[in-house]
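A.B. asks: Contents of target-v3.pdb (PDB, C-alpha atoms):
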ATOM      1  CA  MET E 157      82.150 -18.040  13.677
ATOM      2  CA  LYS E 158      78.411 -17.938  13.077
ATOM      3  CA  PRO E 159      76.832 -21.225  11.947
ATOM      4  CA  THR E 160      75.338 -19.509   8.893
ATOM      5  CA  ASP E 161      78.731 -18.315   7.612
ATOM      6  CA  PRO E 162      79.519 -20.400   4.468
ATOM      7  CA  LYS E 163      83.199 -20.327   5.434
ATOM      8  CA  SER E 164      82.352 -22.561   8.388
ATOM      9  CA  LEU E 165      81.334 -25.335   5.993
ATOM     10  CA  THR E 166      83.662 -28.097   4.841
ATOM     11  CA  GLU E 167      83.853 -27.833   1.044
ATOM     12  CA  SER E 168      85.837 -29.728  -1.543
ATOM     13  CA  ALA E 169      87.359 -28.043  -4.573
ATOM     14  CA  ALA E 170      84.439 -29.273  -6.677
ATOM     15  CA  GLY E 171      81.902 -27.379  -4.552
ATOM     16  CA  VAL E 172      80.661 -30.492  -2.761
ATOM     17  CA  PHE E 173      80.063 -30.276   0.980
ATOM     18  CA  THR E 174      80.568 -33.007   3.559
ATOM     19  CA  TYR E 175      78.342 -33.162   6.632
ATOM     20  CA  ARG E 176      77.411 -35.427   9.504
ATOM     21  CA  SER E 177      73.848 -35.804  10.782
ATOM     22  CA  TYR E 178      71.790 -38.625  12.331
ATOM     23  CA  GLY E 179      75.007 -40.626  12.584
ATOM     24  CA  LEU E 180      75.425 -40.531   8.793
ATOM     25  CA  VAL E 181      78.178 -38.988   6.675
ATOM     26  CA  ILE E 182      76.473 -36.947   3.948
ATOM     27  CA  ARG E 183      78.063 -35.640   0.751
ATOM     28  CA  SER E 184      75.990 -32.818  -0.718
ATOM     29  CA  GLU E 185      76.063 -30.538  -3.741
ATOM     30  CA  ILE E 186      73.678 -28.267  -1.815
ATOM     31  CA  VAL E 187      74.750 -25.970   1.021
ATOM     32  CA  LEU E 188      73.018 -27.164   4.210
ATOM     33  CA  PRO E 189      74.144 -24.992   7.139
ATOM     34  CA  GLU E 190      71.752 -26.901   9.404
ATOM     35  CA  PHE E 191      74.137 -29.894   9.370
ATOM     36  CA  ASP E 192      77.458 -30.217  11.178
ATOM     37  CA  PRO E 193      80.448 -30.072   8.815
ATOM     38  CA  ALA E 194      82.602 -33.183   8.505
ATOM     39  CA  THR E 195      86.051 -33.784   7.055
ATOM     40  CA  PRO E 196      86.075 -35.005   3.437
ATOM     41  CA  GLY E 197      87.851 -38.322   2.998
ATOM     42  CA  GLY E 198      87.240 -39.397   6.585
ATOM     43  CA  ALA E 199      84.509 -41.934   7.309
ATOM     44  CA  PRO E 200      82.784 -43.491   4.267
ATOM     45  CA  VAL E 201      79.970 -41.447   2.730
ATOM     46  CA  GLN E 202      76.581 -43.034   3.445
ATOM     47  CA  VAL E 203      74.285 -40.524   1.721
ATOM     48  CA  ALA E 204      74.977 -38.547  -1.473
ATOM     49  CA  ILE E 205      72.802 -35.522  -2.332
ATOM     50  CA  ARG E 206      73.177 -34.222  -5.876
ATOM     51  CA  ARG E 207      71.471 -31.761  -8.193
ATOM     52  CA  GLY E 208      69.887 -33.196 -11.317
ATOM     53  CA  PRO E 209      66.669 -33.931 -13.179
ATOM     54  CA  VAL E 210      64.065 -36.178 -11.553
ATOM     55  CA  ALA E 211      62.069 -38.426 -13.887
ATOM     56  CA  LEU E 212      58.357 -37.829 -13.287
ATOM     57  CA  PRO E 213      55.262 -39.301 -14.943
ATOM     58  CA  GLU E 214      53.522 -37.235 -17.583
ATOM     59  CA  GLY E 215      51.259 -34.579 -16.104
ATOM     60  CA  VAL E 216      52.807 -34.586 -12.619
ATOM     61  CA  ARG E 217      54.541 -31.225 -13.073
ATOM     62  CA  ALA E 218      51.133 -29.577 -13.446
ATOM     63  CA  LEU E 219      50.152 -30.759  -9.957
ATOM     64  CA  GLY E 220      50.716 -28.785  -6.785
ATOM     65  CA  ALA E 221      52.137 -31.809  -4.954
ATOM     66  CA  TRP E 222      52.706 -35.493  -5.711
ATOM     67  CA  PHE E 223      54.686 -38.453  -4.351
ATOM     68  CA  GLU E 224      55.139 -42.114  -5.244
ATOM     69  CA  PHE E 225      56.597 -45.014  -3.244
ATOM     70  CA  SER E 226      57.931 -48.089  -5.040
ATOM     71  CA  ASP E 227      60.482 -50.896  -4.672
ATOM     72  CA  SER E 228      63.050 -48.694  -6.433
ATOM     73  CA  GLY E 229      62.637 -45.755  -4.057
ATOM     74  CA  VAL E 230      60.390 -42.739  -3.628
ATOM     75  CA  ARG E 231      59.802 -39.632  -5.718
ATOM     76  CA  PHE E 232      58.385 -36.290  -4.565
ATOM     77  CA  TRP E 233      57.144 -33.245  -6.439
ATOM     78  CA  TRP E 234      56.129 -29.824  -5.133
ATOM     79  CA  GLN E 235      55.353 -27.318  -7.878
ATOM     80  CA  ALA E 236      56.507 -24.389  -5.717
ATOM     81  CA  VAL E 237      59.852 -26.041  -4.921
ATOM     82  CA  GLY E 238      60.892 -28.864  -7.270
ATOM     83  CA  GLY E 239      61.385 -32.618  -7.498
ATOM     84  CA  PHE E 240      63.205 -35.122  -5.303
ATOM     85  CA  ALA E 241      64.119 -38.795  -5.689
ATOM     86  CA  VAL E 242      65.397 -41.115  -2.932
ATOM     87  CA  SER E 243      66.998 -44.444  -3.841
ATOM     88  CA  ALA E 244      65.667 -47.734  -2.483
ATOM     89  CA  ASP E 245      68.369 -47.977   0.200
ATOM     90  CA  GLY E 246      68.362 -44.275   1.093
ATOM     91  CA  SER E 247      71.953 -43.755  -0.054
ATOM     92  CA  GLU E 248      71.223 -41.329  -2.918
ATOM     93  CA  VAL E 249      69.053 -38.228  -3.198
ATOM     94  CA  THR E 250      68.519 -36.310  -6.450
ATOM     95  CA  VAL E 251      67.191 -32.753  -6.245
ATOM     96  CA  GLU E 252      65.635 -30.875  -9.177
ATOM     97  CA  TYR E 253      65.224 -27.175  -8.426
ATOM     98  CA  GLY E 254      62.148 -25.299  -9.548
ATOM     99  CA  ALA E 255      62.666 -22.008 -11.371
ATOM    100  CA  GLY E 256      64.090 -19.331  -9.083
ATOM    101  CA  VAL E 257      64.073 -21.609  -6.011
ATOM    102  CA  SER E 258      66.790 -20.962  -3.412
ATOM    103  CA  ASP E 259      68.778 -23.448  -1.324
ATOM    104  CA  ASP E 260      66.854 -22.201   1.719
ATOM    105  CA  LEU E 261      63.482 -23.109   0.208
ATOM    106  CA  ILE E 262      64.783 -26.451  -1.100
ATOM    107  CA  ALA E 263      65.865 -27.283   2.469
ATOM    108  CA  PHE E 264      62.275 -27.318   3.781
ATOM    109  CA  PRO E 265      61.170 -30.528   2.004
ATOM    110  CA  LEU E 266      64.724 -31.869   1.748
ATOM    111  CA  LEU E 267      65.194 -31.818   5.533
ATOM    112  CA  GLY E 268      61.613 -32.942   6.165
ATOM    113  CA  PRO E 269      59.760 -35.596   4.150
ATOM    114  CA  VAL E 270      62.718 -36.355   1.863
ATOM    115  CA  LEU E 271      65.186 -36.858   4.717
ATOM    116  CA  SER E 272      62.596 -38.901   6.606
ATOM    117  CA  GLU E 273      62.671 -41.459   3.780
ATOM    118  CA  VAL E 274      66.475 -41.449   3.711
ATOM    119  CA  LEU E 275      66.525 -42.282   7.417
ATOM    120  CA  ARG E 276      63.738 -44.861   7.235
ATOM    121  CA  ARG E 277      65.438 -46.630   4.341
ATOM    122  CA  GLN E 278      68.689 -46.586   6.318
ATOM    123  CA  GLY E 279      66.946 -48.678   8.998
ATOM    124  CA  LEU E 280      65.758 -46.004  11.446
ATOM    125  CA  PHE E 281      62.270 -45.615  12.902
ATOM    126  CA  VAL E 282      61.313 -41.985  12.233
ATOM    127  CA  LEU E 283      58.771 -40.007  14.249
ATOM    128  CA  HIS E 284      57.280 -36.624  13.417
ATOM    129  CA  ALA E 285      58.252 -35.204  16.781
ATOM    130  CA  SER E 286      60.757 -33.191  18.795
ATOM    131  CA  SER E 287      63.332 -34.845  21.024
ATOM    132  CA  VAL E 288      65.774 -33.874  23.765
ATOM    133  CA  ALA E 289      68.218 -35.528  26.105
ATOM    134  CA  PHE E 290      67.070 -34.514  29.594
ATOM    135  CA  GLU E 291      68.997 -35.517  32.708
ATOM    136  CA  GLY E 292      70.578 -38.404  30.810
ATOM    137  CA  GLN E 293      67.313 -39.701  29.341
ATOM    138  CA  GLY E 294      66.035 -39.521  25.772
ATOM    139  CA  LEU E 295      62.564 -37.984  25.449
ATOM    140  CA  ALA E 296      60.415 -37.673  22.320
ATOM    141  CA  LEU E 297      57.498 -35.237  22.137
ATOM    142  CA  MET E 298      54.770 -36.221  19.654
ATOM    143  CA  ALA E 299      51.795 -34.001  18.918
ATOM    144  CA  ASP E 300      49.362 -32.750  16.329
ATOM    145  CA  LYS E 301      50.313 -29.494  14.620
ATOM    146  CA  GLY E 302      49.934 -26.482  16.875
ATOM    147  CA  THR E 303      49.836 -28.445  20.122
ATOM    148  CA  GLY E 304      53.248 -27.203  21.246
ATOM    149  CA  LYS E 305      55.881 -29.893  20.804
ATOM    150  CA  SER E 306      58.627 -27.496  19.690
ATOM    151  CA  THR E 307      57.686 -24.998  22.402
ATOM    152  CA  THR E 308      57.815 -27.729  25.050
ATOM    153  CA  ALA E 309      61.158 -28.928  23.685
ATOM    154  CA  THR E 310      62.630 -25.425  23.950
ATOM    155  CA  ALA E 311      61.378 -25.122  27.531
ATOM    156  CA  LEU E 312      63.281 -28.329  28.292
ATOM    157  CA  LEU E 313      66.373 -26.841  26.617
ATOM    158  CA  ARG E 314      66.084 -23.833  28.912
ATOM    159  CA  ALA E 315      65.948 -26.266  31.834
ATOM    160  CA  GLY E 316      69.279 -27.812  30.809
ATOM    161  CA  ALA E 317      68.281 -30.409  28.205
ATOM    162  CA  ARG E 318      70.175 -30.922  24.953
ATOM    163  CA  LEU E 319      68.487 -31.109  21.566
ATOM    164  CA  LEU E 320      68.343 -34.426  19.731
ATOM    165  CA  ALA E 321      66.019 -33.395  16.906
ATOM    166  CA  ASP E 322      63.148 -31.144  15.965
ATOM    167  CA  ASP E 323      60.586 -32.446  13.445
ATOM    168  CA  LEU E 324      62.443 -35.679  12.506
ATOM    169  CA  VAL E 325      63.207 -37.951  15.465
ATOM    170  CA  ALA E 326      65.185 -41.034  14.456
ATOM    171  CA  ILE E 327      65.319 -44.107  16.709
ATOM    172  CA  ARG E 328      67.497 -47.173  16.145
ATOM    173  CA  PRO E 329      65.033 -50.000  16.969
ATOM    174  CA  ASP E 330      67.777 -52.565  17.594
ATOM    175  CA  GLN E 331      69.520 -50.316  20.143
ATOM    176  CA  ASN E 332      66.500 -48.310  21.386
ATOM    177  CA  SER E 333      68.528 -45.117  21.054
ATOM    178  CA  ILE E 334      67.571 -41.687  19.715
ATOM    179  CA  VAL E 335      70.167 -40.416  17.244
ATOM    180  CA  PRO E 336      71.121 -36.701  17.211
ATOM    181  CA  GLY E 337      69.945 -34.936  14.058
ATOM    182  CA  PHE E 338      70.817 -31.304  13.371
ATOM    183  CA  GLY E 339      70.820 -28.122  15.425
ATOM    184  CA  GLN E 340      67.763 -26.275  14.206
ATOM    185  CA  VAL E 341      64.284 -25.746  15.643
ATOM    186  CA  LYS E 342      61.192 -24.187  14.074
ATOM    187  CA  LEU E 343      59.278 -21.980  16.466
ATOM    188  CA  ALA E 344      56.461 -19.506  16.698
ATOM    189  CA  GLU E 345      57.856 -16.061  17.490
ATOM    190  CA  GLU E 346      56.480 -16.025  21.047
ATOM    191  CA  ALA E 347      58.380 -19.240  21.850
ATOM    192  CA  LEU E 348      61.805 -17.734  21.097
ATOM    193  CA  THR E 349      62.000 -16.442  24.662
ATOM    194  CA  GLN E 350      62.073 -20.054  25.904
ATOM    195  CA  LEU E 351      65.516 -20.681  24.407
ATOM    196  CA  PRO E 352      68.576 -20.179  26.620
ATOM    197  CA  GLU E 353      69.940 -16.667  26.203
ATOM    198  CA  GLY E 354      72.573 -16.315  23.493
ATOM    199  CA  SER E 355      72.005 -19.807  22.067
ATOM    200  CA  ALA E 356      69.851 -18.972  19.047
ATOM    201  CA  VAL E 357      70.728 -17.757  15.549
ATOM    202  CA  PRO E 358      67.450 -16.880  13.743
ATOM    203  CA  ARG E 359      67.510 -17.507  10.001
ATOM    204  CA  PRO E 360      65.925 -15.421   7.211
ATOM    205  CA  HIS E 361      62.247 -15.778   6.334
ATOM    206  CA  VAL E 362      61.848 -17.904   3.193
ATOM    207  CA  HIS E 363      58.200 -18.086   2.107
ATOM    208  CA  ASP E 364      54.947 -16.289   2.932
ATOM    209  CA  GLN E 365      53.169 -19.584   3.656
ATOM    210  CA  ILE E 366      55.767 -20.605   6.269
ATOM    211  CA  ASP E 367      54.784 -19.055   9.589
ATOM    212  CA  LYS E 368      57.429 -20.471  11.924
ATOM    213  CA  ILE E 369      60.912 -19.047  12.449
ATOM    214  CA  ARG E 370      63.927 -21.272  11.780
ATOM    215  CA  VAL E 371      66.511 -20.982  14.536
ATOM    216  CA  LEU E 372      69.968 -22.552  14.538
ATOM    217  CA  VAL E 373      71.002 -23.858  17.973
ATOM    218  CA  PRO E 374      74.193 -25.865  17.289
ATOM    219  CA  GLY E 375      75.573 -25.242  20.776
ATOM    220  CA  LEU E 376      72.573 -26.993  22.327
ATOM    221  CA  MET E 377      72.926 -30.316  20.483
ATOM    222  CA  ALA E 378      73.376 -33.617  22.315
ATOM    223  CA  PRO E 379      76.777 -35.022  21.298
ATOM    224  CA  GLU E 380      75.787 -38.680  20.963
ATOM    225  CA  PRO E 381      72.800 -41.081  20.872
ATOM    226  CA  VAL E 382      70.742 -41.364  24.045
ATOM    227  CA  PRO E 383      68.550 -44.283  25.231
ATOM    228  CA  ALA E 384      64.879 -43.653  24.446
ATOM    229  CA  ARG E 385      63.219 -43.542  27.878
ATOM    230  CA  ARG E 386      59.909 -41.726  27.384
ATOM    231  CA  LEU E 387      57.806 -41.096  24.278
ATOM    232  CA  TYR E 388      55.213 -38.473  25.156
ATOM    233  CA  VAL E 389      52.007 -37.795  23.229
ATOM    234  CA  LEU E 390      51.212 -34.138  23.956
ATOM    235  CA  VAL E 391      47.586 -33.120  24.520
ATOM    236  CA  ARG E 392      46.136 -29.729  25.404
ATOM    237  CA  GLY E 393      44.279 -30.025  28.697
ATOM    238  CA  GLY E 394      42.608 -26.621  28.811
ATOM    239  CA  GLY E 395      43.669 -25.922  32.390
ATOM    240  CA  SER E 396      46.609 -24.565  34.370
ATOM    241  CA  GLU E 397      48.154 -27.869  35.474
ATOM    242  CA  ALA E 398      50.347 -30.444  33.757
ATOM    243  CA  ARG E 399      49.926 -34.162  34.290
ATOM    244  CA  ILE E 400      51.159 -37.421  32.770
ATOM    245  CA  GLU E 401      48.968 -40.454  32.134
ATOM    246  CA  ARG E 402      49.768 -44.051  31.231
ATOM    247  CA  PRO E 403      47.793 -45.261  28.201
ATOM    248  CA  ALA E 404      46.588 -48.838  27.963
ATOM    249  CA  THR E 405      49.222 -51.257  26.660
ATOM    250  CA  GLY E 406      47.267 -51.784  23.453
ATOM    251  CA  GLU E 407      47.342 -48.034  22.691
ATOM    252  CA  MET E 408      51.138 -47.670  22.631
ATOM    253  CA  VAL E 409      52.032 -49.107  19.213
ATOM    254  CA  PRO E 410      49.097 -47.341  17.471
ATOM    255  CA  ALA E 411      50.293 -44.059  19.004
ATOM    256  CA  LEU E 412      53.776 -44.560  17.589
ATOM    257  CA  LEU E 413      52.440 -45.533  14.169
ATOM    258  CA  ARG E 414      50.162 -42.488  14.151
ATOM    259  CA  PHE E 415      53.146 -40.183  14.653
ATOM    260  CA  ALA E 416      55.547 -42.145  12.461
ATOM    261  CA  TYR E 417      56.652 -39.724   9.753
ATOM    262  CA  ALA E 418      55.697 -42.196   7.026
ATOM    263  CA  ASP E 419      52.085 -42.034   8.228
ATOM    264  CA  ARG E 420      51.900 -38.517   6.787
ATOM    265  CA  PHE E 421      51.901 -40.047   3.308
ATOM    266  CA  GLY E 422      48.709 -42.001   4.019
ATOM    267  CA  ARG E 423      47.834 -45.032   1.915
ATOM    268  CA  ALA E 424      50.277 -43.936  -0.771
ATOM    269  CA  GLY E 425      53.145 -44.410   1.698
ATOM    270  CA  PRO E 426      55.089 -47.596   2.505
ATOM    271  CA  GLN E 427      53.253 -50.782   1.556
ATOM    272  CA  GLY E 428      53.792 -54.538   1.827
ATOM    273  CA  ALA E 429      57.135 -55.546   3.341
ATOM    274  CA  GLU E 430      58.037 -51.921   4.069
ATOM    275  CA  ALA E 431      54.816 -51.372   6.023
ATOM    276  CA  ALA E 432      55.411 -54.633   7.914
ATOM    277  CA  ARG E 433      58.911 -53.477   8.878
ATOM    278  CA  GLN E 434      57.498 -50.167  10.078
ATOM    279  CA  PHE E 435      55.087 -52.071  12.333
ATOM    280  CA  ARG E 436      57.837 -54.337  13.705
ATOM    281  CA  ASP E 437      60.008 -51.312  14.452
ATOM    282  CA  ALA E 438      57.148 -49.606  16.302
ATOM    283  CA  VAL E 439      56.611 -52.747  18.397
ATOM    284  CA  ALA E 440      60.331 -52.905  19.233
ATOM    285  CA  VAL E 441      60.413 -49.236  20.268
ATOM    286  CA  ALA E 442      57.238 -49.543  22.375
ATOM    287  CA  ARG E 443      58.631 -52.648  24.088
ATOM    288  CA  HIS E 444      61.699 -50.808  25.376
ATOM    289  CA  SER E 445      60.388 -47.244  25.819
ATOM    290  CA  ALA E 446      57.429 -46.030  27.841
ATOM    291  CA  VAL E 447      54.710 -44.229  25.887
ATOM    292  CA  ARG E 448      52.870 -41.624  27.960
ATOM    293  CA  ARG E 449      50.226 -38.918  27.481
ATOM    294  CA  LEU E 450      51.517 -35.512  28.588
ATOM    295  CA  ILE E 451      48.619 -33.172  29.325
ATOM    296  CA  LEU E 452      49.793 -29.607  28.764
ATOM    297  CA  PRO E 453      48.525 -26.521  30.587
ATOM    298  CA  ASP E 454      47.456 -23.460  28.619
ATOM    299  CA  GLY E 455      50.063 -20.774  27.985
ATOM    300  CA  VAL E 456      53.843 -20.678  27.773
ATOM    301  CA  THR E 457      53.986 -19.176  31.278
ATOM    302  CA  GLU E 458      53.006 -22.560  32.727
ATOM    303  CA  LEU E 459      55.779 -24.591  31.112
ATOM    304  CA  ASP E 460      57.717 -24.908  34.379
ATOM    305  CA  LYS E 461      54.892 -27.188  35.517
ATOM    306  CA  VAL E 462      55.521 -29.404  32.483
ATOM    307  CA  ILE E 463      59.203 -29.691  33.405
ATOM    308  CA  ALA E 464      58.278 -30.647  36.969
ATOM    309  CA  ALA E 465      55.812 -33.309  35.762
ATOM    310  CA  ILE E 466      58.434 -34.820  33.451
ATOM    311  CA  ARG E 467      61.023 -34.931  36.256
ATOM    312  CA  THR E 468      58.540 -36.751  38.481
ATOM    313  CA  ASP E 469      57.663 -39.186  35.701
ATOM    314  CA  LEU E 470      61.308 -39.985  34.956
ATOM    315  CA  GLY E 471      61.809 -40.828  38.618
ATOM    316  CA  GLU E 472      59.183 -43.577  38.416
ATOM    317  CA  ALA E 473      59.834 -47.161  37.359
ATOM    318  CA  PRO E 474      59.962 -47.798  33.576
TER     319      PRO E 474
END
Please re-express this file's structure in structure tokens.

C.D. replies:
Amino acid sequence: MKPTDPKSLTESAAGVFTYRSYGLVIRSEIVLPEFDPATPGGAPVQVAIRRGPVALPEGVRALGAWFEFSDSGVRFWWQAVGGFAVSADGSEVTVEYGAGVSDDLIAFPLLGPVLSEVLRRQGLFVLHASSVAFEGQGLALMADKGTGKSTTATALLRAGARLLADDLVAIRPDQNSIVPGFGQVKLAEEALTQLPEGSAVPRPHVHDQIDKIRVLVPGLMAPEPVPARRLYVLVRGGGSEARIERPATGEMVPALLRFAYADRFGRAGPQGAEAARQFRDAVAVARHSAVRRLILPDGVTELDKVIAAIRTDLGEAP
């Protein structure tokens, strides 16, 4: 049965769906085919997603985008999509649909910035990155937009890796493990050829301003958490070779904080005790995982050189 078939979802009589993702049991009033279905009434529900109004300050609905972090949680607003509220402990998410907005469009912020706050508030360190389990090791690929983290991740999948996450990489700082998320990647059209044959289920285009293709790859997911071994910062080198460099020790934590998902919110993001916890988590992750710079060659035809460089690097001492 295709992953996008609604009949493959686990649904209660009340139209509420039960899923499992990032090690969490999620009860949702919104259809999310990206997530793995779970059996209702099994493990305790840790996150509840419901439809409903989101209280917003006066004037916010006239803005294109807005968000606010506080001790009671975080609220988001996108005029083209709707409003979202996450509780202080990340256990509840309220979703207010904009007029005419589909579940597919709601899923873009819901499974991005909104879910990042759910995970962070559940005690995970969240990177804006892609991640795979490769030859028994957990790898995270961090990069600025357009550098090629998803393309590199799919090349690793073609080489036998298993997907841990694309876009939201969640690490348990106390265990130094990367937790599997959900089986979807977002790719430029030319990168689709890097996926193993027969593994991809492209999804419909949603919005004119979204240029990447969403592809379900549930059969390529890693089944369980994997120790975080290497955290690569991807850089375009402008040549035909791939190489891996060791940054100075003092550069490792700043690199992780730069690519922490919460950093995307700037100064309006986590403050005070929450910001201090984010720093402590980054230190813990950097202490147990090796941060490296991965210099990429130009062109998708050279990605086999990237795989070879990673294999060599993993064979070296931590």

A.B. asks: So which one's closest to Val203 (chain E), E:Gly294, E:Pro265, E:Pro374, E:Gly179? Using only C-alpha atoms, please.

C.D. replies: E:Gly179

A.B. asks: Would you list the contacts of Pro381 (chain E) as a PDB file with C-alpha atoms, in the frame of the given file, taking every protein, DNA or RNA residue within 7 Å and counting all atoms listed in the file, but skipping same-chain residues closer than 3 positions in sequence?

C.D. replies:
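Wrote it out as result.pdb, contents follow:
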ATOM      1  CA  SER E 333      68.528 -45.117  21.054  1.00  0.00           C
ATOM      2  CA  ILE E 334      67.571 -41.687  19.715  1.00  0.00           C
ATOM      3  CA  VAL E 335      70.167 -40.416  17.244  1.00  0.00           C
ATOM      4  CA  PRO E 336      71.121 -36.701  17.211  1.00  0.00           C
TER       5      PRO E 336
END

A.B. asks: Region 402-412 of chain E: which residues within 8 Å, counting only C-alpha atoms, same-chain residues fewer than 6 positions away excluded, as a list in words?

C.D. replies: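 The residues that qualify are Leu283, Val389, Ala438, Val439, Ala442, Val447, Arg448 and Arg449 of chain E.
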
A.B. asks: Find the residues around region 307-317 of chain E up to 7 Å (all atoms listed in the file counted), leave out those fewer than 5 positions away in its own chain, and share them as a short mmCIF file (atom, residue, chain, number, x, y, z; two decimals) with C-alpha atoms, keeping the file's coordinate frame.

C.D. replies:
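For reference, selection.cif as written:
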data_model
loop_
_atom_site.label_atom_id
_atom_site.label_comp_id
_atom_site.auth_asym_id
_atom_site.auth_seq_id
_atom_site.Cartn_x
_atom_site.Cartn_y
_atom_site.Cartn_z
CA SER E 286 60.76 -33.19 18.80
CA SER E 287 63.33 -34.84 21.02
CA VAL E 288 65.77 -33.87 23.76
CA ALA E 289 68.22 -35.53 26.10
CA PHE E 290 67.07 -34.51 29.59
CA GLU E 291 69.00 -35.52 32.71
CA LEU E 343 59.28 -21.98 16.47
CA ALA E 347 58.38 -19.24 21.85
CA GLN E 350 62.07 -20.05 25.90
CA LEU E 351 65.52 -20.68 24.41
CA PRO E 352 68.58 -20.18 26.62
CA LEU E 459 55.78 -24.59 31.11
CA ILE E 463 59.20 -29.69 33.40
#

A.B. asks: Selected by the PyMOL selection byres ((chain E and resi 323) around 6) in the shown coordinates: which residues, as a short mmCIF file (atom, residue, chain, number, x, y, z; two decimals) with C-alpha atoms, in the frame of the given file?

C.D. replies:
data_model
loop_
_atom_site.label_atom_id
_atom_site.label_comp_id
_atom_site.auth_asym_id
_atom_site.auth_seq_id
_atom_site.Cartn_x
_atom_site.Cartn_y
_atom_site.Cartn_z
CA HIS E 284 57.28 -36.62 13.42
CA ALA E 285 58.25 -35.20 16.78
CA SER E 286 60.76 -33.19 18.80
CA ASP E 322 63.15 -31.14 15.96
CA LEU E 324 62.44 -35.68 12.51
#

A.B. asks: Write out as JSON, numbers by chain the residues lying within 7 Å of region 422-427 of chain E, counting only C-alpha atoms and excluding same-chain residues fewer than 3 positions away.

C.D. replies: {"E": [224, 225, 418, 419, 430, 431]}

A.B. asks: Evaluate the PyMOL selection byres ((chain E and resi 221) around 8) against this structure - the residues, as JSON, numbers by chain, please.

C.D. replies: {"E": [219, 220, 222, 223, 232, 233, 234, 235]}

A.B. asks: In Å to one decimal, how far is CA of Arg277 (chain E) from CA of Arg386 (chain E)?

C.D. replies: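 Pair CA of Arg386 (chain E) / CA of Arg277 (chain E) returns 24.2 Å.
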